[in-house]
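Novice: Have a look at this one.
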Amino acid sequence: MAKLYGLENRLKAGKYDFEGPTTAFSALKRLKAGGALTQRVTIPEGLTVRQIAGVLQKAIEIDSARFVTLAQNPRFFRKLGVRAPSLEGYLFPDTYRFYWQTPEEKILETMVKRFHQVFADSLKQRATQLRMNVHQVLTLASIIEKEAQVPLERPLISGVFHRRLKLGMPLQADPTVIYALGGRKQRLSKADTRVNSPYNTYLHRGLPPGPICNPGRDSILAALYPVEVDYLYFVAKGDGTHIFTKSLNSHINAKNRIRRMGKYGH
């Protein structure tokens, strides 16, 4: 019937909602007119490019491999106003509406555009006040995103990292090592902290080369507006919060206390 009516090359691909039985002719008219359904897709904070590709592949059946390849292609993303090794960190976590099998380029363009909207001129001015560029802010924000589980602690954790950077101390952030290891581990051994990678903040002072995930607005704001603290260390308590300490001895004591609590189930 499509051939008979000359419509075989005029049907618009997508997912459509048909209520109950319909005739072939009605279906053809609908497909010619278009109006495919969009799918609501939520990208949580803290996912890597590869993880975002997986979410989109399941939701709207994109080519996840092509998505990742494009996100690592400087010729593509420089057109989007990004000067970085990859789009890691620049894909803003949010809820989007995409058509089924929306082209990967379009999705990346939409997410980067949203990032530029959020990282407005006022935030760029604040970054300049901190003597940081956008890439550095995003890199720090991505580490905060992976470290903080309780929203109120984000500015505190940011304060610790800012102080360490100012003093020339290594950040010693476990999530950067996990990223260097390909995200395969959640708990690190001492051997892991010696892995030879520029993302290993146990071995290398300063920030890693780029973001380790795609941070949300709250982590970006925390990176830009840290709380001034005397703390240099923090250790996870196991309930999403941390113990913050000022000295190495206090930090070791806090770690031992948490281990004992875990051992005895308190």
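By order in the structure tokens, chains are A, B, ...; within a chain, residues start at 1; ligands start at 1, following the order shown.
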Check which residues of region 181-224 of chain A sit at most 7 Å from region 29-53 of chain A using only C-alpha atoms, and return one row each with the closest pair of atoms and their distance in Å to one decimal, ordered by chain and rising number, as a tab-separated table.
Specialist:
residue	atom	partner	partner_atom	distance
A:Ile212	CA	A:Thr48	CA	6.9
A:Cys213	CA	A:Thr48	CA	4.5
A:Asn214	CA	A:Gly46	CA	5.1
A:Pro215	CA	A:Gly46	CA	5.2
A:Gly216	CA	A:Glu45	CA	5.2
Novice: List the spatial neighbours of Ala254 (chain A) as number ranges by chain - criterion: any atom at most 8 Å away, only C-alpha atoms, same-chain residues fewer than 3 positions off excluded.
Specialist: A: 235, 243, 250-251, 257-258
Novice: Those same residues - N, CA, C and O atoms - I'd like them written as a CSV table (one decimal), in the first residue's frame.
Specialist:
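The resulting part_11.csv:
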chain,number,residue,atom,x,y,z
A,235,VAL,N,37.3,10.5,56.2
A,235,VAL,CA,37.2,9.0,56.0
A,235,VAL,C,35.7,8.7,56.0
A,235,VAL,O,34.9,9.2,56.9
A,243,ILE,N,34.0,11.3,58.5
A,243,ILE,CA,34.7,12.0,59.7
A,243,ILE,C,35.8,12.9,59.1
A,243,ILE,O,36.6,12.4,58.4
A,250,SER,N,45.0,12.0,63.7
A,250,SER,CA,43.6,12.0,63.9
A,250,SER,C,42.9,11.2,62.8
A,250,SER,O,41.9,10.5,63.1
A,251,HIS,N,43.4,11.3,61.6
A,251,HIS,CA,42.8,10.6,60.5
A,251,HIS,C,43.0,9.1,60.7
A,251,HIS,O,42.0,8.3,60.5
A,257,ARG,N,38.9,3.6,64.3
A,257,ARG,CA,37.6,3.5,65.0
A,257,ARG,C,36.5,3.0,64.2
A,257,ARG,O,35.7,2.2,64.6
A,258,ILE,N,36.5,3.4,62.9
A,258,ILE,CA,35.5,2.9,62.0
A,258,ILE,C,35.7,1.4,61.7
A,258,ILE,O,34.7,0.6,61.7
Novice: Can you pull out the residues contacting Leu130 (chain A)? Cut-off 9 Å, using only C-alpha atoms, and skip same-chain residues under 4 positions away; I want them as JSON, numbers by chain.
Specialist: {"A": [125, 126, 224]}
Novice: Using only C-alpha atoms, which of the listed residues (A:Glu88, A:Asp94, A:Glu153, A:Asp230) sits closest to Pro74 (chain A)?
Specialist: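 Distance minimum relative to Pro74 (chain A) lands on A:Glu88.
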Novice: Hey, which of A:Val118, A:Ala223, A:Leu171, A:Ala2 ends up closest to Leu156 (chain A)? Count only C-alpha atoms.
Specialist: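 Result for the nearest residue to Leu156 (chain A): A:Ala223.
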Novice: Could you pull out all residues of region 17-183 of chain A with a DSSP call of helix (DSSP H, G or I) and give them as a ChimeraX atom specification?
Specialist: /A:24-33,49-60,64-71,74-80,104-118,121-129,134-147,151-167,174-180
Novice: Please indicate the distance in Å from CA of Ala191 (chain A) to CA of Gln172 (chain A), rounded to one decimal place.
Specialist: 13.8 Å
Novice: What separation in Å, quoted to one decimal, exists between CA of Leu7 (chain A) and CA of Ser26 (chain A)?
Specialist: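 A separation of 12.7 Å between them.
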Novice: For the structure I just gave you, how does DSSP split region 41-258 of chain A - specifically, which residues are strand (DSSP E or B)? Reply as a list in words.
Specialist: Val41, Thr42, Thr95, Tyr96, Arg97, Phe98, Tyr99, Tyr233, Phe234, Val235, Ala236, His242, Ile243, Phe244 and Thr245 of chain A
Novice: For the selection you just gave me, I'd like the residues written to a file as an mmCIF file, in the first residue's frame, keeping N, CA, C and O atoms.
Specialist:
data_model
loop_
_atom_site.group_PDB
_atom_site.id
_atom_site.type_symbol
_atom_site.label_atom_id
_atom_site.label_comp_id
_atom_site.auth_asym_id
_atom_site.auth_seq_id
_atom_site.Cartn_x
_atom_site.Cartn_y
_atom_site.Cartn_z
ATOM 1 N N VAL A 41 14.168 10.358 29.399
ATOM 2 C CA VAL A 41 15.397 9.680 29.833
ATOM 3 C C VAL A 41 16.082 10.519 30.895
ATOM 4 O O VAL A 41 16.420 11.686 30.664
ATOM 5 N N THR A 42 16.278 9.931 32.063
ATOM 6 C CA THR A 42 16.966 10.627 33.152
ATOM 7 C C THR A 42 18.411 10.132 33.247
ATOM 8 O O THR A 42 18.654 8.932 33.374
ATOM 9 N N THR A 95 17.108 15.384 33.081
ATOM 10 C CA THR A 95 16.065 14.590 32.429
ATOM 11 C C THR A 95 15.796 15.188 31.057
ATOM 12 O O THR A 95 15.522 16.385 30.930
ATOM 13 N N TYR A 96 15.896 14.350 30.038
ATOM 14 C CA TYR A 96 15.739 14.779 28.653
ATOM 15 C C TYR A 96 14.596 14.008 28.005
ATOM 16 O O TYR A 96 14.180 12.960 28.496
ATOM 17 N N ARG A 97 14.145 14.532 26.879
ATOM 18 C CA ARG A 97 13.180 13.802 26.045
ATOM 19 C C ARG A 97 13.818 13.609 24.673
ATOM 20 O O ARG A 97 14.146 14.580 23.986
ATOM 21 N N PHE A 98 14.001 12.347 24.300
ATOM 22 C CA PHE A 98 14.609 12.015 23.021
ATOM 23 C C PHE A 98 13.681 11.093 22.229
ATOM 24 O O PHE A 98 12.950 10.286 22.813
ATOM 25 N N TYR A 99 13.750 11.211 20.913
ATOM 26 C CA TYR A 99 13.044 10.260 20.052
ATOM 27 C C TYR A 99 13.809 8.939 20.040
ATOM 28 O O TYR A 99 15.007 8.887 20.310
ATOM 29 N N TYR A 233 41.837 15.832 55.979
ATOM 30 C CA TYR A 233 41.513 14.416 55.751
ATOM 31 C C TYR A 233 40.030 14.171 56.006
ATOM 32 O O TYR A 233 39.388 14.899 56.774
ATOM 33 N N PHE A 234 39.502 13.139 55.380
ATOM 34 C CA PHE A 234 38.170 12.647 55.722
ATOM 35 C C PHE A 234 38.110 11.166 55.387
ATOM 36 O O PHE A 234 38.800 10.684 54.487
ATOM 37 N N VAL A 235 37.302 10.461 56.153
ATOM 38 C CA VAL A 235 37.157 9.021 55.955
ATOM 39 C C VAL A 235 35.679 8.668 56.043
ATOM 40 O O VAL A 235 34.942 9.221 56.868
ATOM 41 N N ALA A 236 35.239 7.776 55.158
ATOM 42 C CA ALA A 236 33.828 7.385 55.106
ATOM 43 C C ALA A 236 33.453 6.559 56.328
ATOM 44 O O ALA A 236 34.189 5.656 56.739
ATOM 45 N N HIS A 242 31.007 11.316 56.517
ATOM 46 C CA HIS A 242 32.442 11.189 56.724
ATOM 47 C C HIS A 242 32.866 11.801 58.055
ATOM 48 O O HIS A 242 32.162 12.660 58.598
ATOM 49 N N ILE A 243 34.012 11.348 58.546
ATOM 50 C CA ILE A 243 34.673 11.989 59.682
ATOM 51 C C ILE A 243 35.784 12.856 59.112
ATOM 52 O O ILE A 243 36.650 12.370 58.379
ATOM 53 N N PHE A 244 35.769 14.144 59.440
ATOM 54 C CA PHE A 244 36.767 15.088 58.953
ATOM 55 C C PHE A 244 37.777 15.368 60.063
ATOM 56 O O PHE A 244 37.397 15.606 61.205
ATOM 57 N N THR A 245 39.056 15.327 59.703
ATOM 58 C CA THR A 245 40.114 15.533 60.694
ATOM 59 C C THR A 245 41.185 16.475 60.156
ATOM 60 O O THR A 245 41.318 16.672 58.945
#
Novice: Counting only C-alpha atoms, which of A:Val82, A:Leu87, A:Met111, A:Ile157 gets nearest to Leu70 (chain A)?
Specialist: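 Among the listed residues, the smallest separation from Leu70 (chain A) belongs to A:Leu87.
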Novice: So which residues touch Val112 (chain A) within 10 Å, counting only C-alpha atoms, skipping near sequence neighbours fewer than 5 positions away, as a list in words?
Specialist: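 Final neighbour list, sorted by chain and number: Phe77, Leu80, Gly81, Val82, Leu87, Gly89, Tyr90, Leu91, Phe92, Pro93, Lys106, Ile107, Gln117 and Val118 of chain A.
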Novice: Report, in Å with one decimal, the straight-line distance from CA of Met261 (chain A) to CA of Pro151 (chain A).
Specialist: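 Atom-to-atom, CA of Met261 (chain A) to CA of Pro151 (chain A), that is 24.2 Å.
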Novice: Rank nothing, just name the residue among A:Thr201, A:Ser122, A:Asn256, A:Ser64 nearest to Leu221 (chain A), using only C-alpha atoms.
Specialist: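 Result for the nearest residue to Leu221 (chain A): A:Ser122.
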Novice: I need the residue nearest Val160 (chain A) from this list: A:Asp192, A:Glu105, A:Asp239, A:Glu228. Use only C-alpha atoms for the distance.
Specialist: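 Distance minimum relative to Val160 (chain A) lands on A:Glu228.
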Novice: May I have the residues within 9 Å of Phe119 (chain A) as a ChimeraX atom specification, using only C-alpha atoms and disregarding those fewer than 6 positions away in the same chain?
Specialist: /A:134,217,220
Novice: Limited to N, CA, C and O atoms, could you put the picked residues into a file as a PDB file, in the first residue's frame?
Specialist:
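So the final result, stored in result.pdb, reads:
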ATOM      1  N   VAL A 134      37.414  26.368  33.420  1.00  0.00           N
ATOM      2  CA  VAL A 134      36.218  25.527  33.466  1.00  0.00           C
ATOM      3  C   VAL A 134      36.579  24.052  33.584  1.00  0.00           C
ATOM      4  O   VAL A 134      35.959  23.306  34.353  1.00  0.00           O
ATOM      5  N   ARG A 217      24.928  19.874  39.077  1.00  0.00           N
ATOM      6  CA  ARG A 217      25.022  21.287  39.442  1.00  0.00           C
ATOM      7  C   ARG A 217      25.547  21.481  40.863  1.00  0.00           C
ATOM      8  O   ARG A 217      26.389  22.342  41.124  1.00  0.00           O
ATOM      9  N   ILE A 220      29.236  21.016  41.076  1.00  0.00           N
ATOM     10  CA  ILE A 220      29.916  22.122  40.403  1.00  0.00           C
ATOM     11  C   ILE A 220      29.938  23.344  41.315  1.00  0.00           C
ATOM     12  O   ILE A 220      30.979  24.009  41.475  1.00  0.00           O
TER      13      ILE A 220
END
